[in-house]
Amino acid sequence: MKKLLLSFIAACTLISVRADEGMWLPYLIGKNYEEMKRLGLKLTKEDLYSINNSSLKDAIVQFNGGCTAEVISDEGLLLTNHHCGYGAIAGLSTVEKNYLDNGFWAKKKTEELPAPNMNVIFLERMVDVTEEVMEFVGNATGEAYTKKFNEIAKKIEKKASKNGKYVANVKEFFNGNQIILLVYKKFTDIRLVGTPPRSLGKYGGDTDNWMWPRHTADFSMFRIYAGADNEPAPYSATNVPYTPKKSLPVSIKGVQEGDYAMVMGYPGRTNRYEVAAGVSQAINEVNPSIVKIREERLAIMRKHMDADKSVYLKLTSNYQRISNYWKYFIGQTEQLKRNKVVAKKEKQEARFNAWAEENANEYEGLLDEYNKLYNGYEPYAKHVTYYSEAFRAPAINRIGAALVPLSKALKRGVTQEDSLKKYVQIAQANYQAAMSEFDMATEKEIFAAMTRLYYTDVASTQQPDIYENVIFKKYGKKDIDRAIANYTEVLYKNSFLLNEQKLDSFLKKPSLAVLEKDPAFVHASSFVLNFENNFQEKMTAFNESKKELSKKYVKGLMQMKEGTLFYPDANSTMRITYGQVLSYSPQDAVEYDYYTTIDGLMSKYKAGDDEFDLPSDFIELYKTKNYGRYADKSDGKIHTCFISNNDITGGNSGSPVINGNGELIGLAFDGNWEAMSGDIAFDKKYKRTISVDIRFVLFLIDKLGNAKNLIREMDIRE
């Protein structure tokens, strides 16, 4: 086992790299160091990642579980994207104090606003535990492997957490071929410090999302607070600003074409080692289903949000999350087709098969198994997507689904309060989560629309019995829309699942008879039980088989391409990517420069428009050209955004873009339309990271927000 592990690691560390592609593990980044220096890095390996001394990793945090942020002062000041702070900003806003629309700037620390339910984590260290895990799990596969893996992972995590001082996670890399322990320190007292108005922070809206040229001021500011001992502590008025091990200096020298650019952050998920059959299924079944469902949800939400500002504030954060990946899946599908990714994957697989036949017969037939697996799953792919995207869209369905485990326990005759406690807690947690962004009128319309979509789009042989046995039996099938509309009204009128007091009273003394009379529970349980009884096992078997095959395939690829430095797929762990500031040509006769300016921003301005309106005081700053030291020295303009060929994905939002001297030059916030297939297939020609220029950020903090206290707090280098 030890010999095999050493051979595997050797395969992962033989150098032959392309600087722009790759999300590299920071504790192994020394293998890339010479290439990084060639491109312009001036720092040492220890400056990038060190356990014993402060390094760049100590200035980077995972922000609230889904984004990245960086520490930019010795008092725990954080910078991240506006869209990453969007939910917190909206949650702190009211119609009377609308920080989301009007902006907010704390001129002193006592004005900073506690942001409930937020957290950041700092990476303390990464430790390879592959050998320990592999020896424990042995030759187990499928469900047995998962059980043994979870058992040893929990043991390792418990030891590393040191009685709760740290958060520890054991994660698989290289599709399960390498296992790493990640140890974090978690802070939960996070406070809003500053945000530009939404019109700037989300300038361009859905129209400009995933597009270049871009002019969005996509940033917001928070601060980490700690106890008197500088350690994590729950919110308290007596907490003090956190003193970090490392904070990033800020450069306002500007960027030029070809400059070194490095991104550190927490990319969410990539699937670069997916096979052609999986890409084909995404193009033809999964992605179009997601787009169709989300498009309908968004249209309903928009209607209600436009009609009522209070509803807008309730729903806007959820709307942004749904919208972002609605457009993402449109773009991904388009670019997968445009870049002929399926054909390219098939060629790679043909080479793999030829290599296996010649050199490694243990891999012969592997891809045939893969294709057979996907073909067998094909009839159920749409149903699985509709179950997660359509059925679970309405809050009442999520609450009802969370009550199914409780109903099963009650059917088994479980009555003791202690025995039912875990099921009650599941239901309570789901209720709170579902109701955090809720509007009744929107909810009911979405419920009716999703119920209709599920019926019309999912194969009739895969439908839950609620349609024929309840909806159409009671309301007729002649006019399906009217039947579902009538059913919706009666269901919401007669259910107690959305009434907090009634639900709480029920959960204190659960009764199966009461639950089974509730129409919303009957509806939800029909879908859940249909899925569990007829499709859950198929989905689980598919996922387990796919995991085993992908593990073997990646191992084989690294043997076939010995001499190449491999990087693992993104999995929400810290990565470094490096490259250069670069322009590009998206199509014949079209050339995109590497930066945009305030002039281009103003050329898009449309007074009163939801996506392209601007604050009057910003327009005045533009007219007077009151740019100060933030103007570019070459043209005297504010440069708003720039692009580089860094390799990023979702989760990198808010990541610092760092120059060769280790200074902050921008914040990554988006990718470009032409390379939206990048999570599956990196495209060297088109892939670009869109970042807001740090000088634009500082200009808005200083001149628009008049928050000179924040400017003074940073280490700004001219």
# chains A, B, ... in the order shown; residues from 1 in each chain; ligands from 1
>>> closest_atom_pairs(of="range 110-206 of chain A", to="range 604-626 of chain A", cutoff="10 Å", atoms="only C-alpha atoms", output="JSON lines")
{"residue": "A:Pro196", "atom": "CA", "partner": "A:Pro615", "partner_atom": "CA", "distance": 10.0}
{"residue": "A:Pro197", "atom": "CA", "partner": "A:Pro615", "partner_atom": "CA", "distance": 7.7}
{"residue": "A:Arg198", "atom": "CA", "partner": "A:Leu614", "partner_atom": "CA", "distance": 9.2}
{"residue": "A:Ser199", "atom": "CA", "partner": "A:Leu614", "partner_atom": "CA", "distance": 5.7}
{"residue": "A:Leu200", "atom": "CA", "partner": "A:Leu614", "partner_atom": "CA", "distance": 6.8}
{"residue": "A:Lys202", "atom": "CA", "partner": "A:Glu611", "partner_atom": "CA", "distance": 7.5}
{"residue": "A:Tyr203", "atom": "CA", "partner": "A:Glu611", "partner_atom": "CA", "distance": 5.9}
{"residue": "A:Gly204", "atom": "CA", "partner": "A:Glu611", "partner_atom": "CA", "distance": 4.9}
{"residue": "A:Gly205", "atom": "CA", "partner": "A:Glu611", "partner_atom": "CA", "distance": 4.9}
{"residue": "A:Asp206", "atom": "CA", "partner": "A:Glu611", "partner_atom": "CA", "distance": 7.7}
>>> write_last_selection(atoms="C-alpha atoms", output="PDB file, in the first residue's frame")
ATOM      1  CA  PRO A 196     -21.761  50.413  -2.598  1.00  0.00           C
ATOM      2  CA  PRO A 197     -25.375  50.877  -3.727  1.00  0.00           C
ATOM      3  CA  ARG A 198     -26.811  47.868  -5.550  1.00  0.00           C
ATOM      4  CA  SER A 199     -26.871  49.856  -8.794  1.00  0.00           C
ATOM      5  CA  LEU A 200     -23.049  49.798  -8.730  1.00  0.00           C
ATOM      6  CA  LYS A 202     -24.655  44.663  -9.388  1.00  0.00           C
ATOM      7  CA  TYR A 203     -24.262  47.004 -12.339  1.00  0.00           C
ATOM      8  CA  GLY A 204     -25.349  45.238 -15.519  1.00  0.00           C
ATOM      9  CA  GLY A 205     -27.563  42.696 -13.720  1.00  0.00           C
ATOM     10  CA  ASP A 206     -28.455  39.533 -15.600  1.00  0.00           C
TER      11      ASP A 206
END
>>> residues_around(residues="Asn52 in chain A", least_positions_apart="4", cutoff="12 Å", atoms="only C-alpha atoms", output="VMD selection string")
chain A and resid 46 to 47 57 to 58 124 to 125 245
>>> write_last_selection(atoms="N, CA and C atoms", output="short mmCIF file (atom, residue, chain, number, x, y, z; two decimals), in the first residue's frame")
data_model
loop_
_atom_site.label_atom_id
_atom_site.label_comp_id
_atom_site.auth_asym_id
_atom_site.auth_seq_id
_atom_site.Cartn_x
_atom_site.Cartn_y
_atom_site.Cartn_z
N GLU A 46 7.77 29.98 0.81
CA GLU A 46 7.25 30.14 2.17
C GLU A 46 6.29 31.33 2.27
N ASP A 47 6.47 32.32 1.41
CA ASP A 47 5.55 33.47 1.40
C ASP A 47 4.15 33.04 0.96
N LYS A 57 -1.65 32.43 2.60
CA LYS A 57 -2.83 31.63 2.96
C LYS A 57 -3.52 32.18 4.20
N ASP A 58 -2.78 32.86 5.08
CA ASP A 58 -3.34 33.37 6.33
C ASP A 58 -4.14 34.66 6.13
N GLU A 124 -5.58 26.47 8.53
CA GLU A 124 -4.41 26.34 9.40
C GLU A 124 -3.35 25.45 8.75
N ARG A 125 -3.79 24.30 8.25
CA ARG A 125 -2.81 23.38 7.64
C ARG A 125 -3.53 22.31 6.82
N LYS A 245 -2.88 36.94 11.24
CA LYS A 245 -1.47 36.60 11.06
C LYS A 245 -0.88 37.35 9.86
#
>>> residues_around(residues="Ile224 in chain A", least_positions_apart="5", cutoff="8 Å", atoms="only C-alpha atoms", output="PyMOL selection string")
chain A and resi 76-78+187-191+241-242
>>> residues_around(residues="range 156-164 of chain A", least_positions_apart="2", cutoff="9 Å", atoms="only C-alpha atoms", output="list in words")
Val129, Glu151, Ile152, Ala153, Lys154, Tyr166, Val167, Ala168, Asn169, Val170, Leu181, Leu182, Val183 and Tyr184 of chain A
>>> write_last_selection(atoms="C-alpha atoms", output="PDB file, in the first residue's frame")
ATOM      1  CA  VAL A 129      -3.732  11.132   5.353  1.00  0.00           C
ATOM      2  CA  GLU A 151     -15.768   6.141  10.129  1.00  0.00           C
ATOM      3  CA  ILE A 152     -12.041   6.802   9.788  1.00  0.00           C
ATOM      4  CA  ALA A 153     -12.632  10.385   8.642  1.00  0.00           C
ATOM      5  CA  LYS A 154     -14.611  11.175  11.798  1.00  0.00           C
ATOM      6  CA  TYR A 166     -10.545  23.802  15.169  1.00  0.00           C
ATOM      7  CA  VAL A 167     -12.859  22.680  12.392  1.00  0.00           C
ATOM      8  CA  ALA A 168     -11.386  19.623  10.679  1.00  0.00           C
ATOM      9  CA  ASN A 169     -12.436  18.052   7.366  1.00  0.00           C
ATOM     10  CA  VAL A 170     -11.100  14.951   5.650  1.00  0.00           C
ATOM     11  CA  LEU A 181      -7.009  16.482   6.235  1.00  0.00           C
ATOM     12  CA  LEU A 182      -7.793  20.207   6.289  1.00  0.00           C
ATOM     13  CA  VAL A 183      -7.749  22.046   9.608  1.00  0.00           C
ATOM     14  CA  TYR A 184      -9.491  25.428   9.921  1.00  0.00           C
TER      15      TYR A 184
END
>>> residues_around(residues="Gly579 in chain A", least_positions_apart="4", cutoff="12 Å", atoms="only C-alpha atoms", output="ChimeraX atom specification")
/A:17-23,32,35-41,257-264,643-648,657-660,684,687-689
>>> write_last_selection(atoms="N, CA and C atoms", output="mmCIF file, in the first residue's frame")
data_model
loop_
_atom_site.group_PDB
_atom_site.id
_atom_site.type_symbol
_atom_site.label_atom_id
_atom_site.label_comp_id
_atom_site.auth_asym_id
_atom_site.auth_seq_id
_atom_site.Cartn_x
_atom_site.Cartn_y
_atom_site.Cartn_z
ATOM 1 N N VAL A 17 3.937 21.850 -16.996
ATOM 2 C CA VAL A 17 2.692 22.560 -16.703
ATOM 3 C C VAL A 17 2.380 23.655 -17.707
ATOM 4 N N ARG A 18 1.097 24.025 -17.715
ATOM 5 C CA ARG A 18 0.645 25.224 -18.409
ATOM 6 C C ARG A 18 0.223 26.195 -17.329
ATOM 7 N N ALA A 19 0.793 27.373 -17.317
ATOM 8 C CA ALA A 19 0.623 28.279 -16.185
ATOM 9 C C ALA A 19 -0.817 28.665 -15.942
ATOM 10 N N ASP A 20 -1.581 28.852 -17.027
ATOM 11 C CA ASP A 20 -2.926 29.378 -16.842
ATOM 12 C C ASP A 20 -3.905 28.336 -16.329
ATOM 13 N N GLU A 21 -3.741 27.079 -16.744
ATOM 14 C CA GLU A 21 -4.675 26.039 -16.309
ATOM 15 C C GLU A 21 -4.206 25.404 -15.019
ATOM 16 N N GLY A 22 -5.172 25.159 -14.114
ATOM 17 C CA GLY A 22 -4.840 24.420 -12.905
ATOM 18 C C GLY A 22 -5.251 25.126 -11.636
ATOM 19 N N MET A 23 -5.915 24.388 -10.750
ATOM 20 C CA MET A 23 -6.273 24.873 -9.420
ATOM 21 C C MET A 23 -5.419 24.066 -8.446
ATOM 22 N N ASN A 32 5.318 24.071 -8.628
ATOM 23 C CA ASN A 32 5.052 25.003 -9.728
ATOM 24 C C ASN A 32 5.952 26.242 -9.661
ATOM 25 N N GLU A 35 7.964 27.919 -12.664
ATOM 26 C CA GLU A 35 7.083 28.486 -13.682
ATOM 27 C C GLU A 35 6.474 29.796 -13.197
ATOM 28 N N MET A 36 6.105 29.861 -11.930
ATOM 29 C CA MET A 36 5.536 31.086 -11.356
ATOM 30 C C MET A 36 6.563 32.214 -11.390
ATOM 31 N N LYS A 37 7.801 31.901 -11.061
ATOM 32 C CA LYS A 37 8.864 32.916 -11.100
ATOM 33 C C LYS A 37 9.089 33.418 -12.522
ATOM 34 N N ARG A 38 9.041 32.504 -13.474
ATOM 35 C CA ARG A 38 9.242 32.884 -14.873
ATOM 36 C C ARG A 38 8.190 33.889 -15.331
ATOM 37 N N LEU A 39 6.970 33.750 -14.801
ATOM 38 C CA LEU A 39 5.887 34.647 -15.183
ATOM 39 C C LEU A 39 5.901 35.971 -14.421
ATOM 40 N N GLY A 40 6.692 36.033 -13.341
ATOM 41 C CA GLY A 40 6.806 37.321 -12.649
ATOM 42 C C GLY A 40 6.661 37.294 -11.147
ATOM 43 N N LEU A 41 6.527 36.131 -10.529
ATOM 44 C CA LEU A 41 6.400 36.064 -9.079
ATOM 45 C C LEU A 41 7.724 36.422 -8.411
ATOM 46 N N GLU A 257 -0.926 44.639 -19.674
ATOM 47 C CA GLU A 257 -0.993 43.372 -20.398
ATOM 48 C C GLU A 257 0.267 42.553 -20.127
ATOM 49 N N GLY A 258 0.081 41.290 -19.783
ATOM 50 C CA GLY A 258 1.199 40.400 -19.527
ATOM 51 C C GLY A 258 1.665 40.353 -18.091
ATOM 52 N N ASP A 259 1.131 41.229 -17.234
ATOM 53 C CA ASP A 259 1.527 41.219 -15.821
ATOM 54 C C ASP A 259 1.167 39.895 -15.156
ATOM 55 N N TYR A 260 1.995 39.491 -14.207
ATOM 56 C CA TYR A 260 1.714 38.301 -13.412
ATOM 57 C C TYR A 260 0.446 38.519 -12.597
ATOM 58 N N ALA A 261 -0.407 37.513 -12.550
ATOM 59 C CA ALA A 261 -1.640 37.583 -11.769
ATOM 60 C C ALA A 261 -1.871 36.228 -11.108
ATOM 61 N N MET A 262 -2.113 36.256 -9.816
ATOM 62 C CA MET A 262 -2.316 35.029 -9.044
ATOM 63 C C MET A 262 -3.612 35.157 -8.246
ATOM 64 N N VAL A 263 -4.385 34.078 -8.216
ATOM 65 C CA VAL A 263 -5.643 34.063 -7.473
ATOM 66 C C VAL A 263 -5.566 32.978 -6.411
ATOM 67 N N MET A 264 -5.935 33.334 -5.181
ATOM 68 C CA MET A 264 -6.045 32.347 -4.106
ATOM 69 C C MET A 264 -7.485 32.355 -3.609
ATOM 70 N N ILE A 643 -9.150 41.623 -17.007
ATOM 71 C CA ILE A 643 -9.235 40.173 -17.185
ATOM 72 C C ILE A 643 -7.847 39.543 -17.164
ATOM 73 N N SER A 644 -7.808 38.290 -16.741
ATOM 74 C CA SER A 644 -6.578 37.505 -16.730
ATOM 75 C C SER A 644 -6.938 36.073 -17.122
ATOM 76 N N ASN A 645 -5.912 35.273 -17.409
ATOM 77 C CA ASN A 645 -6.201 33.896 -17.827
ATOM 78 C C ASN A 645 -6.146 32.922 -16.656
ATOM 79 N N ASN A 646 -6.430 33.402 -15.457
ATOM 80 C CA ASN A 646 -6.483 32.527 -14.288
ATOM 81 C C ASN A 646 -7.627 31.523 -14.392
ATOM 82 N N ASP A 647 -7.431 30.390 -13.775
ATOM 83 C CA ASP A 647 -8.382 29.277 -13.812
ATOM 84 C C ASP A 647 -9.217 29.302 -12.532
ATOM 85 N N ILE A 648 -10.468 29.779 -12.624
ATOM 86 C CA ILE A 648 -11.326 29.866 -11.442
ATOM 87 C C ILE A 648 -12.698 29.272 -11.739
ATOM 88 N N VAL A 657 -6.980 38.962 -6.422
ATOM 89 C CA VAL A 657 -6.037 38.835 -7.524
ATOM 90 C C VAL A 657 -4.777 39.546 -7.061
ATOM 91 N N ILE A 658 -3.654 38.834 -7.053
ATOM 92 C CA ILE A 658 -2.423 39.284 -6.405
ATOM 93 C C ILE A 658 -1.314 39.386 -7.437
ATOM 94 N N ASN A 659 -0.518 40.459 -7.370
ATOM 95 C CA ASN A 659 0.580 40.627 -8.328
ATOM 96 C C ASN A 659 1.827 39.886 -7.858
ATOM 97 N N GLY A 660 2.897 40.032 -8.614
ATOM 98 C CA GLY A 660 4.125 39.304 -8.312
ATOM 99 C C GLY A 660 4.761 39.672 -6.998
ATOM 100 N N LYS A 684 -7.821 27.017 -23.122
ATOM 101 C CA LYS A 684 -6.663 27.919 -23.018
ATOM 102 C C LYS A 684 -6.854 29.191 -23.828
ATOM 103 N N LYS A 687 -10.489 31.130 -22.003
ATOM 104 C CA LYS A 687 -10.757 31.243 -20.569
ATOM 105 C C LYS A 687 -10.194 32.541 -19.990
ATOM 106 N N ARG A 688 -11.078 33.336 -19.361
ATOM 107 C CA ARG A 688 -10.649 34.562 -18.693
ATOM 108 C C ARG A 688 -11.386 34.708 -17.362
ATOM 109 N N THR A 689 -10.674 35.277 -16.404
ATOM 110 C CA THR A 689 -11.248 35.643 -15.112
ATOM 111 C C THR A 689 -11.513 37.139 -15.125
#
>>> select_by_dssp(residues="range 90-253 of chain A", states="alpha helix (DSSP H)", output="number ranges by chain")
A: 90-92, 99-102, 130-137, 142-161, 198-201, 205-208
>>> residues_around(residues="Val697 in chain A", least_positions_apart="3", cutoff="10 Å", atoms="only C-alpha atoms", output="NGL selection string")
:A and (79 or 196 or 217-220 or 630 or 640-641 or 666-667 or 692-694 or 700-702)
>>> write_last_selection(atoms="N, CA and C atoms", output="PDB file, in the first residue's frame")
ATOM      1  N   LEU A  79     -12.455  42.060   2.512  1.00  0.00           N
ATOM      2  CA  LEU A  79     -12.975  42.488   1.218  1.00  0.00           C
ATOM      3  C   LEU A  79     -13.451  41.248   0.473  1.00  0.00           C
ATOM      4  N   PRO A 196     -21.233  49.405  -1.683  1.00  0.00           N
ATOM      5  CA  PRO A 196     -21.761  50.413  -2.598  1.00  0.00           C
ATOM      6  C   PRO A 196     -23.237  50.161  -2.832  1.00  0.00           C
ATOM      7  N   ALA A 217     -19.004  47.160  -9.977  1.00  0.00           N
ATOM      8  CA  ALA A 217     -18.263  47.413  -8.733  1.00  0.00           C
ATOM      9  C   ALA A 217     -18.614  46.314  -7.736  1.00  0.00           C
ATOM     10  N   ASP A 218     -18.211  45.108  -8.044  1.00  0.00           N
ATOM     11  CA  ASP A 218     -18.661  43.932  -7.305  1.00  0.00           C
ATOM     12  C   ASP A 218     -17.808  43.721  -6.047  1.00  0.00           C
ATOM     13  N   PHE A 219     -18.077  44.536  -5.022  1.00  0.00           N
ATOM     14  CA  PHE A 219     -17.340  44.388  -3.768  1.00  0.00           C
ATOM     15  C   PHE A 219     -18.215  44.781  -2.587  1.00  0.00           C
ATOM     16  N   SER A 220     -17.891  44.230  -1.445  1.00  0.00           N
ATOM     17  CA  SER A 220     -18.466  44.648  -0.166  1.00  0.00           C
ATOM     18  C   SER A 220     -17.419  44.397   0.906  1.00  0.00           C
ATOM     19  N   TYR A 630      -6.568  57.515  -7.776  1.00  0.00           N
ATOM     20  CA  TYR A 630      -7.031  56.220  -8.261  1.00  0.00           C
ATOM     21  C   TYR A 630      -7.124  56.149  -9.782  1.00  0.00           C
ATOM     22  N   THR A 640     -12.139  50.221 -14.405  1.00  0.00           N
ATOM     23  CA  THR A 640     -13.150  49.564 -13.578  1.00  0.00           C
ATOM     24  C   THR A 640     -12.869  48.077 -13.369  1.00  0.00           C
ATOM     25  N   CYS A 641     -12.574  47.338 -14.444  1.00  0.00           N
ATOM     26  CA  CYS A 641     -12.352  45.896 -14.354  1.00  0.00           C
ATOM     27  C   CYS A 641     -11.212  45.492 -15.280  1.00  0.00           C
ATOM     28  N   GLY A 666      -6.911  43.350  -7.404  1.00  0.00           N
ATOM     29  CA  GLY A 666      -8.307  43.241  -7.817  1.00  0.00           C
ATOM     30  C   GLY A 666      -9.019  42.111  -7.109  1.00  0.00           C
ATOM     31  N   LEU A 667     -10.328  42.011  -7.371  1.00  0.00           N
ATOM     32  CA  LEU A 667     -11.155  40.937  -6.828  1.00  0.00           C
ATOM     33  C   LEU A 667     -11.785  40.164  -7.976  1.00  0.00           C
ATOM     34  N   VAL A 692     -12.704  43.027 -10.604  1.00  0.00           N
ATOM     35  CA  VAL A 692     -12.869  44.463 -10.411  1.00  0.00           C
ATOM     36  C   VAL A 692     -11.516  45.028  -9.996  1.00  0.00           C
ATOM     37  N   ASP A 693     -11.107  46.107 -10.639  1.00  0.00           N
ATOM     38  CA  ASP A 693      -9.823  46.752 -10.361  1.00  0.00           C
ATOM     39  C   ASP A 693      -9.859  47.350  -8.954  1.00  0.00           C
ATOM     40  N   ILE A 694      -8.829  47.097  -8.167  1.00  0.00           N
ATOM     41  CA  ILE A 694      -8.819  47.576  -6.785  1.00  0.00           C
ATOM     42  C   ILE A 694      -8.866  49.098  -6.720  1.00  0.00           C
ATOM     43  N   LEU A 700     -14.404  54.289  -4.959  1.00  0.00           N
ATOM     44  CA  LEU A 700     -15.779  54.331  -4.459  1.00  0.00           C
ATOM     45  C   LEU A 700     -15.818  54.429  -2.936  1.00  0.00           C
ATOM     46  N   ILE A 701     -14.923  53.740  -2.259  1.00  0.00           N
ATOM     47  CA  ILE A 701     -14.871  53.840  -0.793  1.00  0.00           C
ATOM     48  C   ILE A 701     -14.547  55.269  -0.383  1.00  0.00           C
ATOM     49  N   ASP A 702     -13.566  55.851  -1.048  1.00  0.00           N
ATOM     50  CA  ASP A 702     -13.060  57.176  -0.686  1.00  0.00           C
ATOM     51  C   ASP A 702     -13.977  58.294  -1.157  1.00  0.00           C
TER      52      ASP A 702
END
>>> residues_around(residues="Ile690 in chain A", least_positions_apart="4", cutoff="8 Å", atoms="only C-alpha atoms", output="JSON, numbers by chain")
{"A": [212, 214, 641, 642, 643, 644, 668, 669, 670, 671, 672]}
>>> write_last_selection(atoms="N, CA and C atoms", output="compact mmCIF listing (two decimals), in the first residue's frame")
# COMPACT_ATOMS: atom_id res chain seq x y z
N TRP A 212 -18.07 39.84 -20.84
CA TRP A 212 -17.02 40.85 -20.96
C TRP A 212 -17.27 41.61 -22.25
N ARG A 214 -17.04 44.31 -18.89
CA ARG A 214 -17.79 44.42 -17.64
C ARG A 214 -17.37 45.67 -16.88
N CYS A 641 -12.57 47.34 -14.44
CA CYS A 641 -12.35 45.90 -14.35
C CYS A 641 -11.21 45.49 -15.28
N PHE A 642 -10.67 44.29 -15.06
CA PHE A 642 -9.66 43.75 -15.96
C PHE A 642 -9.82 42.24 -16.03
N ILE A 643 -9.15 41.62 -17.01
CA ILE A 643 -9.23 40.17 -17.18
C ILE A 643 -7.85 39.54 -17.16
N SER A 644 -7.81 38.29 -16.74
CA SER A 644 -6.58 37.50 -16.73
C SER A 644 -6.94 36.07 -17.12
N ALA A 668 -11.55 38.86 -8.02
CA ALA A 668 -12.19 38.02 -9.03
C ALA A 668 -13.68 37.93 -8.74
N PHE A 669 -14.51 38.08 -9.78
CA PHE A 669 -15.95 37.97 -9.54
C PHE A 669 -16.72 37.23 -10.63
N ASP A 670 -16.10 36.90 -11.74
CA ASP A 670 -16.88 36.25 -12.79
C ASP A 670 -15.96 35.60 -13.81
N GLY A 671 -16.57 34.78 -14.67
CA GLY A 671 -15.89 34.23 -15.83
C GLY A 671 -16.55 34.78 -17.09
N ASN A 672 -15.96 34.49 -18.24
CA ASN A 672 -16.48 35.04 -19.48
C ASN A 672 -17.32 34.02 -20.24
>>> atom_distance(atom1="CA of Phe136 in chain A", atom2="CA of Glu544 in chain A")
18.9 Å
>>> closest_residue(among="A:Ala485, A:Ala541, A:Leu497, A:Leu313", to="Met450 in chain A", atoms="only C-alpha atoms")
A:Ala485
>>> atom_distance(atom1="CA of Ile179 in chain A", atom2="CA of Tyr377 in chain A")
28.4 Å
>>> closest_residue(among="A:Tyr266, A:Phe535, A:Tyr273, A:Tyr592", to="Tyr567 in chain A", atoms="only C-alpha atoms")
A:Tyr273
>>> closest_residue(among="A:Ser247, A:Asn371, A:Thr141, A:Ser677", to="Ile72 in chain A", atoms="only C-alpha atoms")
A:Ser247
>>> select_by_dssp(residues="range 60-196 of chain A", states="strand (DSSP E)", output="PyMOL selection string")
chain A and resi 60-63+67-71+77-80+104-105+113-114+120-128+167-173+178-187+189-195
>>> write_last_selection(atoms="C-alpha atoms", output="mmCIF file, in the first residue's frame")
data_model
loop_
_atom_site.group_PDB
_atom_site.id
_atom_site.type_symbol
_atom_site.label_atom_id
_atom_site.label_comp_id
_atom_site.auth_asym_id
_atom_site.auth_seq_id
_atom_site.Cartn_x
_atom_site.Cartn_y
_atom_site.Cartn_z
ATOM 1 C CA ILE A 60 -7.475 34.326 2.661
ATOM 2 C CA VAL A 61 -10.747 33.027 4.109
ATOM 3 C CA GLN A 62 -13.666 31.001 2.898
ATOM 4 C CA PHE A 63 -16.545 33.447 3.256
ATOM 5 C CA CYS A 67 -17.280 32.513 -1.489
ATOM 6 C CA THR A 68 -13.799 33.799 -0.769
ATOM 7 C CA ALA A 69 -12.629 36.950 1.022
ATOM 8 C CA GLU A 70 -9.293 38.476 1.944
ATOM 9 C CA VAL A 71 -8.025 40.343 4.998
ATOM 10 C CA LEU A 77 -11.086 44.161 7.628
ATOM 11 C CA LEU A 78 -12.408 41.866 4.900
ATOM 12 C CA LEU A 79 -12.975 42.488 1.218
ATOM 13 C CA THR A 80 -15.204 40.222 -0.862
ATOM 14 C CA PHE A 104 -23.751 51.675 3.599
ATOM 15 C CA TRP A 105 -20.468 52.920 5.042
ATOM 16 C CA LEU A 113 -23.606 46.040 11.718
ATOM 17 C CA PRO A 114 -23.577 42.455 13.066
ATOM 18 C CA VAL A 120 -15.359 32.777 7.849
ATOM 19 C CA ILE A 121 -12.732 30.057 8.113
ATOM 20 C CA PHE A 122 -8.938 30.342 7.974
ATOM 21 C CA LEU A 123 -6.909 27.393 6.728
ATOM 22 C CA GLU A 124 -4.410 26.342 9.402
ATOM 23 C CA ARG A 125 -2.814 23.382 7.639
ATOM 24 C CA MET A 126 -3.236 20.546 5.128
ATOM 25 C CA VAL A 127 -2.021 17.019 5.926
ATOM 26 C CA ASP A 128 -1.924 14.010 3.599
ATOM 27 C CA VAL A 167 -12.859 22.680 12.392
ATOM 28 C CA ALA A 168 -11.386 19.623 10.679
ATOM 29 C CA ASN A 169 -12.436 18.052 7.366
ATOM 30 C CA VAL A 170 -11.100 14.951 5.650
ATOM 31 C CA LYS A 171 -11.611 15.261 1.898
ATOM 32 C CA GLU A 172 -10.951 13.198 -1.202
ATOM 33 C CA PHE A 173 -8.825 14.582 -4.035
ATOM 34 C CA GLN A 178 -5.570 11.042 -2.468
ATOM 35 C CA ILE A 179 -7.040 11.971 0.941
ATOM 36 C CA ILE A 180 -6.159 15.184 2.775
ATOM 37 C CA LEU A 181 -7.009 16.482 6.235
ATOM 38 C CA LEU A 182 -7.793 20.207 6.289
ATOM 39 C CA VAL A 183 -7.749 22.046 9.608
ATOM 40 C CA TYR A 184 -9.491 25.428 9.921
ATOM 41 C CA LYS A 185 -10.192 28.114 12.488
ATOM 42 C CA LYS A 186 -13.770 29.414 12.303
ATOM 43 C CA PHE A 187 -15.006 32.906 13.253
ATOM 44 C CA ASP A 189 -18.826 37.338 14.700
ATOM 45 C CA ILE A 190 -18.818 39.023 11.291
ATOM 46 C CA ARG A 191 -20.033 42.600 10.789
ATOM 47 C CA LEU A 192 -20.963 44.636 7.732
ATOM 48 C CA VAL A 193 -18.584 47.559 7.213
ATOM 49 C CA GLY A 194 -19.367 48.898 3.765
ATOM 50 C CA THR A 195 -21.152 48.309 0.480
#
>>> atom_distance(atom1="CA of Asn98 in chain A", atom2="CA of Leu710 in chain A")
21.5 Å
>>> closest_residue(among="A:Thr270, A:Gln348, A:Asn706, A:Ser289", to="Thr573 in chain A", atoms="only C-alpha atoms")
A:Thr270
>>> closest_residue(among="A:Glu274, A:Glu296, A:Pro379, A:Ala427", to="Lys344 in chain A", atoms="only C-alpha atoms")
A:Glu274
